[in-house]
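Structure data (TSV, C-alpha atoms and all ligand atoms) from coords.tsv:
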chain	number	residue	atom	x	y	z
A	1	MET	CA	-35.72	-135.08	-144.48
A	2	LYS	CA	-32.84	-135.38	-142.03
A	3	ASN	CA	-29.48	-133.61	-141.90
A	4	VAL	CA	-26.76	-136.27	-142.14
A	5	VAL	CA	-23.29	-134.81	-141.58
A	6	LEU	CA	-20.07	-136.70	-142.28
A	7	LEU	CA	-17.01	-135.09	-140.67
A	8	GLY	CA	-13.73	-135.93	-142.43
A	9	SER	CA	-13.15	-137.79	-145.67
A	10	GLY	CA	-10.99	-140.55	-144.22
A	11	HIS	CA	-10.85	-144.17	-145.37
A	12	ALA	CA	-14.08	-145.08	-143.53
A	13	HIS	CA	-16.19	-142.28	-145.01
A	14	LEU	CA	-14.88	-143.00	-148.51
A	15	GLU	CA	-16.59	-146.39	-148.17
A	16	ILE	CA	-19.85	-144.63	-147.32
A	17	LEU	CA	-19.49	-142.31	-150.33
A	18	LYS	CA	-18.96	-145.36	-152.54
A	19	ALA	CA	-21.79	-147.47	-151.15
A	20	LEU	CA	-24.70	-145.03	-150.83
A	21	THR	CA	-26.74	-144.64	-154.01
A	22	THR	CA	-27.79	-141.25	-155.37
A	23	GLU	CA	-31.43	-142.29	-154.66
A	24	GLU	CA	-30.65	-142.98	-151.00
A	25	ILE	CA	-28.78	-139.68	-150.72
A	26	ALA	CA	-31.61	-137.70	-152.36
A	27	LYS	CA	-33.99	-138.73	-149.56
A	28	HIS	CA	-32.05	-136.64	-147.00
A	29	ARG	CA	-29.60	-133.72	-146.82
A	30	PHE	CA	-26.10	-135.23	-146.81
A	31	PHE	CA	-23.06	-133.05	-145.97
A	32	LEU	CA	-19.36	-133.87	-146.09
A	33	VAL	CA	-16.98	-131.57	-144.17
A	34	SER	CA	-13.25	-131.80	-144.79
A	35	PRO	CA	-10.34	-129.32	-144.82
A	36	SER	CA	-9.20	-130.60	-148.20
A	37	ARG	CA	-10.99	-131.61	-151.41
A	38	GLN	CA	-8.65	-134.61	-151.61
A	39	THR	CA	-7.88	-137.65	-149.50
A	40	TYR	CA	-4.47	-139.33	-149.75
A	41	TYR	CA	-4.39	-143.13	-149.83
A	42	SER	CA	-1.85	-144.20	-147.20
A	43	GLY	CA	-1.11	-147.56	-148.84
A	44	LEU	CA	0.73	-145.67	-151.61
A	45	ILE	CA	2.82	-143.31	-149.43
A	46	PRO	CA	5.88	-145.65	-149.51
A	47	ARG	CA	5.78	-145.69	-153.33
A	48	LEU	CA	5.62	-141.90	-153.32
A	49	ILE	CA	8.78	-141.88	-151.18
A	50	THR	CA	10.55	-144.33	-153.48
A	51	SER	CA	9.54	-141.92	-156.31
A	52	GLU	CA	7.69	-144.60	-158.29
A	53	ILE	CA	4.54	-142.46	-158.29
A	54	LYS	CA	3.57	-138.77	-158.15
A	55	ASP	CA	1.39	-136.85	-155.67
A	56	GLU	CA	-1.67	-137.04	-157.93
A	57	ASP	CA	-1.43	-140.85	-158.14
A	58	LEU	CA	-2.37	-141.29	-154.48
A	59	ALA	CA	-4.90	-138.46	-154.29
A	60	ILE	CA	-8.59	-139.32	-154.30
A	61	ASN	CA	-10.84	-136.42	-155.27
A	62	SER	CA	-13.21	-137.10	-152.40
A	63	ALA	CA	-15.05	-133.76	-152.66
A	64	ASP	CA	-15.80	-134.27	-156.38
A	65	PHE	CA	-16.86	-137.82	-155.64
A	66	ALA	CA	-19.21	-136.67	-152.86
A	67	GLU	CA	-20.72	-133.89	-154.98
A	68	LEU	CA	-21.28	-136.30	-157.85
A	69	LYS	CA	-23.27	-138.49	-155.47
A	70	GLY	CA	-25.42	-135.59	-154.22
A	71	PHE	CA	-23.59	-134.55	-151.05
A	72	LYS	CA	-23.04	-130.90	-150.21
A	73	PHE	CA	-19.28	-130.56	-149.69
A	74	ILE	CA	-18.08	-128.00	-147.16
A	75	GLN	CA	-14.36	-127.24	-147.21
A	76	ASP	CA	-13.76	-126.51	-143.56
A	77	GLU	CA	-12.50	-128.05	-140.35
A	78	VAL	CA	-14.59	-129.09	-137.40
A	79	GLU	CA	-13.53	-127.45	-134.14
A	80	SER	CA	-16.14	-128.63	-131.67
A	81	LEU	CA	-19.43	-130.38	-131.43
A	82	ASP	CA	-22.38	-129.98	-129.13
A	83	GLN	CA	-24.43	-133.10	-128.76
A	84	VAL	CA	-27.22	-131.37	-126.83
A	85	SER	CA	-27.99	-128.73	-129.46
A	86	LYS	CA	-26.85	-131.20	-132.19
A	87	THR	CA	-24.52	-128.64	-133.75
A	88	VAL	CA	-21.04	-128.80	-135.21
A	89	SER	CA	-18.89	-125.65	-135.07
A	90	LEU	CA	-16.42	-125.12	-137.90
A	91	LYS	CA	-13.16	-123.19	-138.04
A	92	SER	CA	-14.72	-120.58	-140.36
A	93	GLY	CA	-17.24	-119.77	-137.62
A	94	LYS	CA	-20.11	-121.53	-139.40
A	95	LYS	CA	-22.33	-123.97	-137.53
A	96	ILE	CA	-24.16	-126.97	-138.99
A	97	ASN	CA	-27.09	-128.74	-137.39
A	98	PHE	CA	-27.28	-132.47	-137.61
A	99	ASP	CA	-29.82	-135.20	-137.01
A	100	LEU	CA	-27.21	-137.85	-137.61
A	101	LEU	CA	-23.45	-137.34	-137.39
A	102	SER	CA	-20.53	-139.55	-138.37
A	103	ILE	CA	-16.92	-138.70	-137.48
A	104	ASN	CA	-13.89	-139.97	-139.41
A	105	ILE	CA	-11.21	-137.32	-138.98
A	106	GLY	CA	-8.14	-139.51	-138.42
A	107	GLY	CA	-5.98	-139.74	-135.30
A	108	THR	CA	-3.95	-136.99	-133.62
A	109	PRO	CA	-0.19	-137.34	-134.19
A	110	THR	CA	1.95	-137.46	-131.04
A	111	SER	CA	4.26	-134.48	-131.31
A	112	ILE	CA	7.84	-134.58	-130.02
A	113	PRO	CA	9.30	-131.37	-128.54
A	114	SER	CA	12.02	-130.07	-130.84
A	115	ASP	CA	14.57	-127.27	-131.24
A	116	THR	CA	14.45	-127.47	-135.05
A	117	PRO	CA	10.87	-128.09	-136.16
A	118	PHE	CA	11.68	-127.44	-139.84
A	119	THR	CA	13.60	-130.71	-140.18
A	120	ASN	CA	10.88	-132.76	-138.45
A	121	ILE	CA	8.63	-134.48	-140.95
A	122	TYR	CA	5.40	-135.82	-139.47
A	123	LEU	CA	3.78	-138.39	-141.73
A	124	ARG	CA	0.31	-137.53	-140.39
A	125	PRO	CA	-1.81	-135.67	-141.35
A	126	PHE	CA	-1.03	-136.45	-144.98
A	127	ASP	CA	-2.31	-133.01	-146.10
A	128	GLU	CA	0.65	-131.49	-144.24
A	129	PHE	CA	3.13	-134.23	-145.10
A	130	MET	CA	2.77	-133.84	-148.88
A	131	PRO	CA	4.17	-130.26	-149.22
A	132	LYS	CA	6.88	-131.05	-146.66
A	133	TRP	CA	7.97	-134.09	-148.63
A	134	ARG	CA	8.35	-131.94	-151.77
A	135	GLU	CA	10.59	-129.63	-149.74
A	136	VAL	CA	12.71	-132.57	-148.46
A	137	GLN	CA	13.25	-133.77	-152.02
A	138	ARG	CA	14.23	-130.28	-153.20
A	139	ILE	CA	16.76	-129.83	-150.40
A	140	CYS	CA	18.12	-133.38	-150.45
A	141	ASN	CA	18.86	-133.32	-154.16
A	142	ALA	CA	21.82	-131.20	-153.12
A	143	CYS	CA	22.85	-133.41	-150.14
A	144	VAL	CA	25.95	-135.52	-150.67
A	145	ASN	CA	25.39	-138.20	-148.04
A	146	PRO	CA	22.00	-137.51	-146.50
A	147	ARG	CA	21.15	-139.14	-143.19
A	148	PHE	CA	17.47	-139.77	-142.52
A	149	LEU	CA	16.10	-140.88	-139.16
A	150	VAL	CA	12.71	-142.53	-138.81
A	151	VAL	CA	11.10	-142.50	-135.36
A	152	GLY	CA	8.58	-145.29	-134.75
A	153	GLY	CA	8.47	-149.04	-134.74
A	154	GLY	CA	5.17	-150.04	-136.31
A	155	ALA	CA	4.44	-151.26	-139.83
A	156	ALA	CA	4.20	-147.70	-141.21
A	157	ALA	CA	7.58	-146.70	-139.75
A	158	VAL	CA	9.22	-149.86	-141.12
A	159	GLU	CA	7.79	-149.11	-144.57
A	160	VAL	CA	8.92	-145.47	-144.48
A	161	ALA	CA	12.47	-146.58	-143.54
A	162	ALA	CA	12.51	-149.20	-146.32
A	163	ALA	CA	11.16	-146.69	-148.85
A	164	LEU	CA	13.78	-144.05	-147.92
A	165	ARG	CA	16.52	-146.66	-148.34
A	166	ILE	CA	15.19	-147.61	-151.80
A	167	ARG	CA	15.04	-143.93	-152.69
A	168	LEU	CA	18.67	-143.32	-151.66
A	169	ASN	CA	19.85	-146.39	-153.59
A	170	LYS	CA	18.05	-145.16	-156.72
A	171	ASN	CA	19.57	-141.70	-156.41
A	172	GLN	CA	23.04	-143.20	-156.30
A	173	ALA	CA	23.28	-142.04	-152.69
A	174	LYS	CA	24.19	-145.50	-151.42
A	175	THR	CA	26.43	-143.98	-148.77
A	176	GLY	CA	23.51	-142.00	-147.38
A	177	GLU	CA	22.08	-143.51	-144.18
A	178	VAL	CA	18.66	-144.50	-142.90
A	179	HIS	CA	18.18	-145.19	-139.17
A	180	LEU	CA	15.02	-146.55	-137.57
A	181	ILE	CA	14.64	-145.49	-133.91
A	182	CYS	CA	12.15	-147.53	-131.93
A	183	LYS	CA	11.29	-147.17	-128.25
A	184	SER	CA	10.29	-150.84	-127.82
A	185	SER	CA	12.48	-153.90	-127.62
A	186	ARG	CA	11.09	-155.16	-130.93
A	187	LEU	CA	9.52	-153.83	-134.14
A	188	CYS	CA	5.84	-154.28	-135.08
A	189	GLU	CA	4.69	-155.37	-131.64
A	190	SER	CA	1.25	-156.42	-132.85
A	191	TYR	CA	2.90	-159.22	-134.90
A	192	PRO	CA	4.27	-162.45	-133.42
A	193	GLN	CA	7.81	-162.10	-132.00
A	194	LYS	CA	9.28	-164.32	-134.74
A	195	ILE	CA	7.97	-161.99	-137.47
A	196	SER	CA	9.27	-158.88	-135.66
A	197	GLU	CA	12.73	-160.43	-135.73
A	198	GLN	CA	12.45	-161.34	-139.43
A	199	ILE	CA	11.54	-157.73	-140.18
A	200	ARG	CA	14.50	-156.43	-138.17
A	201	LEU	CA	16.92	-158.76	-139.96
A	202	SER	CA	15.51	-157.82	-143.35
A	203	LEU	CA	16.03	-154.10	-142.60
A	204	LEU	CA	19.61	-154.77	-141.46
A	205	ARG	CA	20.34	-156.76	-144.63
A	206	ARG	CA	19.22	-153.78	-146.68
A	207	GLY	CA	21.56	-151.46	-144.83
A	208	ILE	CA	19.04	-149.78	-142.51
A	209	LYS	CA	20.37	-149.26	-139.00
A	210	VAL	CA	17.85	-150.32	-136.37
A	211	HIS	CA	18.02	-148.87	-132.82
A	212	LEU	CA	15.71	-150.62	-130.33
A	213	ASN	CA	14.85	-149.51	-126.76
A	214	GLU	CA	15.42	-145.85	-127.71
A	215	PRO	CA	12.50	-143.62	-126.66
A	216	VAL	CA	12.67	-140.21	-128.35
A	217	ASN	CA	11.45	-137.45	-126.04
A	218	HIS	CA	13.22	-134.43	-127.48
A	219	ILE	CA	14.83	-133.53	-130.79
A	220	HIS	CA	17.85	-131.26	-130.43
A	221	GLN	CA	19.51	-129.06	-133.04
A	222	LYS	CA	19.59	-131.49	-135.98
A	223	ALA	CA	20.74	-134.31	-133.72
A	224	LEU	CA	19.20	-137.05	-131.65
A	225	LYS	CA	20.76	-138.17	-128.37
A	226	LEU	CA	20.57	-141.93	-128.03
A	227	SER	CA	21.69	-144.01	-125.09
A	228	HIS	CA	25.42	-144.69	-124.53
A	229	ASP	CA	26.15	-141.02	-125.42
A	230	VAL	CA	25.53	-141.54	-129.12
A	231	ASN	CA	24.69	-138.25	-130.81
A	232	LEU	CA	23.09	-138.97	-134.16
A	233	GLU	CA	23.11	-135.99	-136.52
A	234	PHE	CA	20.59	-135.96	-139.35
A	235	ASN	CA	19.31	-134.03	-142.35
A	236	PHE	CA	15.66	-134.90	-141.77
A	237	ILE	CA	13.80	-136.86	-139.14
A	238	PHE	CA	10.55	-138.62	-140.08
A	239	ILE	CA	8.08	-139.12	-137.26
A	240	VAL	CA	5.88	-142.15	-137.80
A	241	THR	CA	4.72	-142.84	-134.25
A	242	PRO	CA	1.14	-144.09	-133.63
A	243	THR	CA	-1.63	-141.51	-133.62
A	244	GLN	CA	-3.90	-140.91	-130.60
A	245	PRO	CA	-7.72	-140.84	-130.66
A	246	SER	CA	-9.06	-137.39	-131.58
A	247	LYS	CA	-9.72	-135.02	-128.67
A	248	LEU	CA	-12.90	-133.92	-130.42
A	249	LEU	CA	-14.53	-137.20	-129.46
A	250	PHE	CA	-15.98	-137.23	-125.98
A	251	GLY	CA	-15.52	-140.95	-125.38
A	252	LYS	CA	-15.02	-144.36	-126.93
A	253	VAL	CA	-17.40	-145.96	-129.41
A	254	ASP	CA	-19.58	-148.96	-128.55
A	255	SER	CA	-19.81	-152.19	-130.54
A	256	LYS	CA	-22.18	-150.45	-133.00
A	257	LEU	CA	-19.53	-147.72	-133.60
A	258	ARG	CA	-21.72	-145.20	-131.77
A	259	LEU	CA	-20.63	-142.41	-129.43
A	260	SER	CA	-24.27	-141.65	-128.67
A	261	ALA	CA	-27.65	-142.48	-130.18
A	262	ASN	CA	-27.13	-140.20	-133.20
A	263	ILE	CA	-23.32	-139.93	-133.45
A	264	PHE	CA	-21.15	-142.58	-135.10
A	265	ALA	CA	-17.36	-142.54	-135.34
A	266	ALA	CA	-14.77	-144.70	-137.12
A	267	GLY	CA	-11.11	-145.03	-138.03
A	268	ASP	CA	-8.01	-143.76	-136.24
A	269	ALA	CA	-9.96	-141.00	-134.45
A	270	THR	CA	-11.74	-143.57	-132.32
A	271	GLU	CA	-11.18	-146.24	-129.74
A	272	MET	CA	-13.64	-149.10	-129.22
A	273	ILE	CA	-14.81	-149.74	-125.65
A	274	ASP	CA	-14.61	-153.51	-126.07
A	275	HIS	CA	-11.40	-153.56	-128.13
A	276	PRO	CA	-8.97	-150.95	-126.75
A	277	HIS	CA	-6.01	-152.61	-128.53
A	278	LEU	CA	-7.53	-152.72	-131.98
A	279	PRO	CA	-4.73	-151.58	-134.33
A	280	ARG	CA	-5.13	-148.16	-135.98
A	281	SER	CA	-4.97	-149.02	-139.65
A	282	GLY	CA	-6.52	-148.19	-142.97
A	283	VAL	CA	-7.74	-151.80	-143.21
A	284	ILE	CA	-9.75	-151.46	-139.97
A	285	ALA	CA	-11.05	-148.01	-141.01
A	286	VAL	CA	-12.28	-149.46	-144.31
A	287	HIS	CA	-14.03	-152.38	-142.53
A	288	GLN	CA	-15.65	-149.95	-140.10
A	289	GLY	CA	-16.74	-147.70	-142.97
A	290	ARG	CA	-18.41	-150.61	-144.75
A	291	HIS	CA	-20.22	-151.49	-141.55
A	292	LEU	CA	-21.29	-147.87	-140.99
A	293	VAL	CA	-23.13	-147.81	-144.33
A	294	GLN	CA	-25.82	-150.16	-143.02
A	295	ASN	CA	-25.81	-148.63	-139.53
A	296	ILE	CA	-26.46	-145.16	-140.99
A	297	LYS	CA	-29.28	-146.51	-143.14
A	298	ASP	CA	-30.75	-148.28	-140.09
A	299	ALA	CA	-30.50	-145.15	-137.94
A	300	LEU	CA	-32.25	-143.11	-140.66
A	301	ASN	CA	-35.07	-145.66	-140.67
A	302	ASP	CA	-35.31	-145.66	-136.84
A	303	LEU	CA	-33.97	-149.24	-136.71
A	304	GLU	CA	-31.37	-150.47	-134.21
A	305	PRO	CA	-27.87	-150.53	-135.80
A	306	SER	CA	-25.88	-153.80	-135.66
A	307	ASN	CA	-22.58	-154.75	-134.00
A	308	PHE	CA	-19.29	-154.29	-135.87
A	309	ARG	CA	-17.44	-157.60	-136.21
A	310	ILE	CA	-13.65	-157.31	-136.20
A	311	PRO	CA	-12.05	-159.42	-138.93
A	312	ALA	CA	-10.20	-162.33	-137.26
A	313	LYS	CA	-6.99	-161.72	-139.23
A	314	GLN	CA	-5.86	-158.74	-141.24
A	315	LEU	CA	-3.65	-158.92	-144.27
A	316	ASN	CA	-0.65	-156.58	-144.04
A	317	ILE	CA	1.88	-156.12	-146.83
A	318	LEU	CA	4.94	-153.99	-146.16
A	319	ILE	CA	7.31	-152.68	-148.81
A	320	ALA	CA	10.75	-154.26	-148.18
A	321	GLY	CA	13.02	-153.66	-151.15
A	322	GLU	CA	12.93	-152.40	-154.72
A	323	ASP	CA	11.21	-155.53	-155.99
A	324	SER	CA	9.98	-157.19	-152.81
A	325	ALA	CA	7.51	-156.83	-149.97
A	326	ARG	CA	6.66	-158.75	-146.79
A	327	LEU	CA	3.24	-160.30	-146.38
A	328	VAL	CA	1.93	-160.84	-142.83
A	329	TRP	CA	-1.19	-162.91	-142.21
A	330	GLY	CA	-1.60	-164.03	-138.59
A	331	ASN	CA	1.42	-166.20	-137.79
A	332	PHE	CA	2.42	-166.52	-141.43
A	333	SER	CA	4.92	-164.20	-143.04
A	334	PHE	CA	6.82	-164.24	-146.30
A	335	GLU	CA	9.09	-161.73	-148.02
A	336	GLY	CA	9.59	-161.82	-151.75
A	337	LYS	CA	8.35	-160.73	-155.15
A	338	TRP	CA	4.81	-162.07	-155.08
A	339	PRO	CA	3.69	-160.15	-151.95
A	340	LEU	CA	4.69	-157.00	-153.85
A	341	ARG	CA	2.56	-158.09	-156.81
A	342	ILE	CA	-0.41	-158.67	-154.46
A	343	LYS	CA	0.14	-155.28	-152.83
A	344	ASN	CA	0.26	-153.52	-156.19
A	345	TRP	CA	-2.93	-155.29	-157.25
A	346	ILE	CA	-4.72	-154.31	-153.98
A	347	ASP	CA	-3.59	-150.68	-154.33
A	348	ARG	CA	-4.67	-150.49	-157.99
A	349	ARG	CA	-8.04	-152.05	-157.19
A	350	TYR	CA	-8.57	-149.61	-154.29
A	351	MET	CA	-7.75	-146.52	-156.37
A	352	SER	CA	-9.87	-147.75	-159.32
A	353	GLY	CA	-12.94	-147.49	-157.03
A	354	PHE	CA	-12.62	-143.70	-157.43
A	355	GLU	CA	-11.51	-143.65	-161.05
A	356	ASN	CA	-14.51	-141.83	-162.51
A	357	VAL	CA	-13.54	-138.70	-160.58
A	358	LYS	CA	-9.80	-138.87	-161.27
B	1	LIG	C1	3.31	-144.17	-144.16
B	1	LIG	C2	2.06	-144.86	-143.75
B	1	LIG	C3	1.67	-145.99	-144.44
B	1	LIG	C4	0.52	-146.67	-144.06
B	1	LIG	N1	0.18	-147.79	-144.77
B	1	LIG	C5	-0.91	-148.47	-144.40
B	1	LIG	C6	-1.27	-149.67	-145.10
B	1	LIG	O1	-0.59	-150.08	-146.05
B	1	LIG	N2	-2.36	-150.33	-144.67
B	1	LIG	C7	-3.12	-149.90	-143.62
B	1	LIG	O2	-4.10	-150.55	-143.27
B	1	LIG	N3	-2.82	-148.77	-142.95
B	1	LIG	C8	-1.73	-148.05	-143.30
B	1	LIG	N4	-1.41	-146.90	-142.62
B	1	LIG	C9	-2.29	-146.43	-141.55
B	1	LIG	C10	-3.42	-145.62	-142.17
B	1	LIG	O3	-2.90	-144.52	-142.87
B	1	LIG	C11	-4.42	-145.07	-141.18
B	1	LIG	O4	-4.73	-146.03	-140.22
B	1	LIG	C12	-5.70	-144.63	-141.93
B	1	LIG	O5	-5.41	-143.59	-142.82
B	1	LIG	C13	-6.78	-144.17	-140.96
B	1	LIG	O6	-7.88	-143.78	-141.72
B	1	LIG	P1	-9.04	-142.90	-141.13
B	1	LIG	O7	-10.25	-143.33	-141.89
B	1	LIG	O8	-9.11	-142.96	-139.67
B	1	LIG	O9	-8.72	-141.38	-141.48
B	1	LIG	P2	-7.65	-140.70	-142.42
B	1	LIG	O10	-7.43	-141.51	-143.65
B	1	LIG	O11	-6.50	-140.33	-141.56
B	1	LIG	O12	-8.40	-139.38	-142.88
B	1	LIG	C14	-8.86	-138.40	-141.98
B	1	LIG	C15	-9.61	-137.35	-142.76
B	1	LIG	O13	-10.19	-136.42	-141.88
B	1	LIG	C16	-9.91	-135.10	-142.30
B	1	LIG	N5	-9.86	-134.25	-141.10
B	1	LIG	C17	-8.87	-134.17	-140.19
B	1	LIG	N6	-9.19	-133.29	-139.23
B	1	LIG	C18	-10.43	-132.82	-139.53
B	1	LIG	C19	-11.31	-131.88	-138.92
B	1	LIG	N7	-10.99	-131.25	-137.79
B	1	LIG	N8	-12.50	-131.63	-139.54
B	1	LIG	C20	-12.84	-132.28	-140.67
B	1	LIG	N9	-12.06	-133.17	-141.28
B	1	LIG	C21	-10.87	-133.44	-140.73
B	1	LIG	C22	-8.58	-135.22	-143.02
B	1	LIG	O14	-8.37	-134.16	-143.90
B	1	LIG	C23	-8.75	-136.56	-143.73
B	1	LIG	O15	-9.45	-136.41	-144.93
B	1	LIG	C24	-0.25	-146.21	-142.98
B	1	LIG	C25	0.13	-145.05	-142.30
B	1	LIG	C26	1.27	-144.37	-142.67
B	1	LIG	C27	1.69	-143.15	-141.91

Would you mind writing the structure in this file as structure tokens?
Ligand SMILES: Cc1cc2nc3c(=O)[nH]c(=O)nc-3n(C[C@H](O)[C@H](O)[C@H](O)COP(=O)(O)OP(=O)(O)OC[C@H]3O[C@@H](n4cnc5c(N)ncnc54)[C@H](O)[C@@H]3O)c2cc1C
Amino acid sequence: MKNVVLLGSGHAHLEILKALTTEEIAKHRFFLVSPSRQTYYSGLIPRLITSEIKDEDLAINSADFAELKGFKFIQDEVESLDQVSKTVSLKSGKKINFDLLSINIGGTPTSIPSDTPFTNIYLRPFDEFMPKWREVQRICNACVNPRFLVVGGGAAAVEVAAALRIRLNKNQAKTGEVHLICKSSRLCESYPQKISEQIRLSLLRRGIKVHLNEPVNHIHQKALKLSHDVNLEFNFIFIVTPTQPSKLLFGKVDSKLRLSANIFAAGDATEMIDHPHLPRSGVIAVHQGRHLVQNIKDALNDLEPSNFRIPAKQLNILIAGEDSARLVWGNFSFEGKWPLRIKNWIDRRYMSGFENVK
């Protein structure tokens, strides 16, 4: 019997929990370590912001799911790992030995120095975002014309800005403002230029103010200094900048998603040696998780794991308005009602995979 330890219950490890059978799990000692018994599904965060759904609608009871399958769940946080003694040290002071380890603890958010940290809302990690979001709602119910700033320029930042705008419109706060502050010269740089421009124009049409070429290095007392001496005051500032690979990892993963012979890693925490520009997304984490299932089985049977193949194109659907979303598939992009229907169907199907523990 081997000790198989999964660190973090991110999107990749959820795929492992789903795919392994109770018989396969019973052959070894499987552990899942995570600071929370729940995992939040990022695809539904925009709909939480628009207030279409509640906290519990995007929470997956990953600990219950793991225990049902025969894992031992440990509610704790990994602090360090020693690959020589094959031990993981946890925040509580406990240590766990492993024969095989898999790491899926998400990326590290890039923090921005600030004079007023209370009004800074980091979207990651979601465990910290959720209580902060409740606080924003409580305070902003009393705001007359709230002004929200969103820092970032990727798909997640665009969606957060669109969702905040929808939320203000619904709350009859049409005069409230949403600004998107992006350090690059265009939004969603991983998409073709033409699509970036379509996204920018769509945001403008919906009343979101877009500021390009504006790197944010410091947040002053409830105000952001932009170029040309613009001083933008705000009620809350949402930080949706890309995450960095986790410092816990001592390198990049190879094409088999391995850090070393008996340590795998996946998702936003990692970087692949051969694909340094692979986007950090839930879609990629899910693909990697599905691939890890077989690689873990192979490693347990002393077989050589196989290479992870990156999907040629990834489907992205971004919330745009109350009844519309933008679909992006390679060079193709379309905004309208049916992308929103597809997105809702994908989200429902994803969450239904965990329904028996809801
Ligand atoms: C607003 C928003 C919307 C998004 N929408 C989409 C989308 O529609 N589609 C898409 O593809 N991507 C989307 N993303 C990106 C997506 O959220 C991430 O890429 C994805 O969550 C990464 O998954 P992961 O498996 O790496 O880990 P995560 O899902 O980030 O999970 C990490 C897990 O590790 C645990 N953990 C953290 N630290 C430790 C530790 N020290 N020890 C043990 N456990 C730990 C956490 O509690 C958590 O359970 C969105 C992001 C944001 C911010």

_Which residues are near ligand LIG 1 (chain B) - at most 7 Å, using all atoms listed in the file? Format: as a VMD selection string._
chain A and resid 7 to 13 33 to 36 38 to 39 42 to 43 45 to 46 76 to 79 104 to 107 123 to 125 127 156 to 157 159 to 160 240 266 to 269 280 to 286 316 to 318

May I have the residues from that selection written out with C-alpha atoms, as a PDB file, in the coordinates of the input?
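part.pdb, written as the output of this step:
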ATOM      1  CA  LEU A   7     -17.010-135.090-140.670  1.00  0.00           C
ATOM      2  CA  GLY A   8     -13.730-135.930-142.430  1.00  0.00           C
ATOM      3  CA  SER A   9     -13.150-137.790-145.670  1.00  0.00           C
ATOM      4  CA  GLY A  10     -10.990-140.550-144.220  1.00  0.00           C
ATOM      5  CA  HIS A  11     -10.850-144.170-145.370  1.00  0.00           C
ATOM      6  CA  ALA A  12     -14.080-145.080-143.530  1.00  0.00           C
ATOM      7  CA  HIS A  13     -16.190-142.280-145.010  1.00  0.00           C
ATOM      8  CA  VAL A  33     -16.980-131.570-144.170  1.00  0.00           C
ATOM      9  CA  SER A  34     -13.250-131.800-144.790  1.00  0.00           C
ATOM     10  CA  PRO A  35     -10.340-129.320-144.820  1.00  0.00           C
ATOM     11  CA  SER A  36      -9.200-130.600-148.200  1.00  0.00           C
ATOM     12  CA  GLN A  38      -8.650-134.610-151.610  1.00  0.00           C
ATOM     13  CA  THR A  39      -7.880-137.650-149.500  1.00  0.00           C
ATOM     14  CA  SER A  42      -1.850-144.200-147.200  1.00  0.00           C
ATOM     15  CA  GLY A  43      -1.110-147.560-148.840  1.00  0.00           C
ATOM     16  CA  ILE A  45       2.820-143.310-149.430  1.00  0.00           C
ATOM     17  CA  PRO A  46       5.880-145.650-149.510  1.00  0.00           C
ATOM     18  CA  ASP A  76     -13.760-126.510-143.560  1.00  0.00           C
ATOM     19  CA  GLU A  77     -12.500-128.050-140.350  1.00  0.00           C
ATOM     20  CA  VAL A  78     -14.590-129.090-137.400  1.00  0.00           C
ATOM     21  CA  GLU A  79     -13.530-127.450-134.140  1.00  0.00           C
ATOM     22  CA  ASN A 104     -13.890-139.970-139.410  1.00  0.00           C
ATOM     23  CA  ILE A 105     -11.210-137.320-138.980  1.00  0.00           C
ATOM     24  CA  GLY A 106      -8.140-139.510-138.420  1.00  0.00           C
ATOM     25  CA  GLY A 107      -5.980-139.740-135.300  1.00  0.00           C
ATOM     26  CA  LEU A 123       3.780-138.390-141.730  1.00  0.00           C
ATOM     27  CA  ARG A 124       0.310-137.530-140.390  1.00  0.00           C
ATOM     28  CA  PRO A 125      -1.810-135.670-141.350  1.00  0.00           C
ATOM     29  CA  ASP A 127      -2.310-133.010-146.100  1.00  0.00           C
ATOM     30  CA  ALA A 156       4.200-147.700-141.210  1.00  0.00           C
ATOM     31  CA  ALA A 157       7.580-146.700-139.750  1.00  0.00           C
ATOM     32  CA  GLU A 159       7.790-149.110-144.570  1.00  0.00           C
ATOM     33  CA  VAL A 160       8.920-145.470-144.480  1.00  0.00           C
ATOM     34  CA  VAL A 240       5.880-142.150-137.800  1.00  0.00           C
ATOM     35  CA  ALA A 266     -14.770-144.700-137.120  1.00  0.00           C
ATOM     36  CA  GLY A 267     -11.110-145.030-138.030  1.00  0.00           C
ATOM     37  CA  ASP A 268      -8.010-143.760-136.240  1.00  0.00           C
ATOM     38  CA  ALA A 269      -9.960-141.000-134.450  1.00  0.00           C
ATOM     39  CA  ARG A 280      -5.130-148.160-135.980  1.00  0.00           C
ATOM     40  CA  SER A 281      -4.970-149.020-139.650  1.00  0.00           C
ATOM     41  CA  GLY A 282      -6.520-148.190-142.970  1.00  0.00           C
ATOM     42  CA  VAL A 283      -7.740-151.800-143.210  1.00  0.00           C
ATOM     43  CA  ILE A 284      -9.750-151.460-139.970  1.00  0.00           C
ATOM     44  CA  ALA A 285     -11.050-148.010-141.010  1.00  0.00           C
ATOM     45  CA  VAL A 286     -12.280-149.460-144.310  1.00  0.00           C
ATOM     46  CA  ASN A 316      -0.650-156.580-144.040  1.00  0.00           C
ATOM     47  CA  ILE A 317       1.880-156.120-146.830  1.00  0.00           C
ATOM     48  CA  LEU A 318       4.940-153.990-146.160  1.00  0.00           C
TER      49      LEU A 318
END

_Could you check the closest approach to A:Gly154 for each of A:Ile181, A:Ile49, A:Met130, A:Leu340 and tell me which residue wins, using only C-alpha atoms?_
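Distance minimum relative to A:Gly154 lands on A:Ile181.
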
_Closest of A:Lys86, A:Gly153, A:Ile342, A:Phe73 to A:Leu212 - atom-to-atom distances counting all atoms listed in the file_ =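 When distances to A:Leu212 are compared using all atoms listed in the file, the smallest one comes from A:Gly153.
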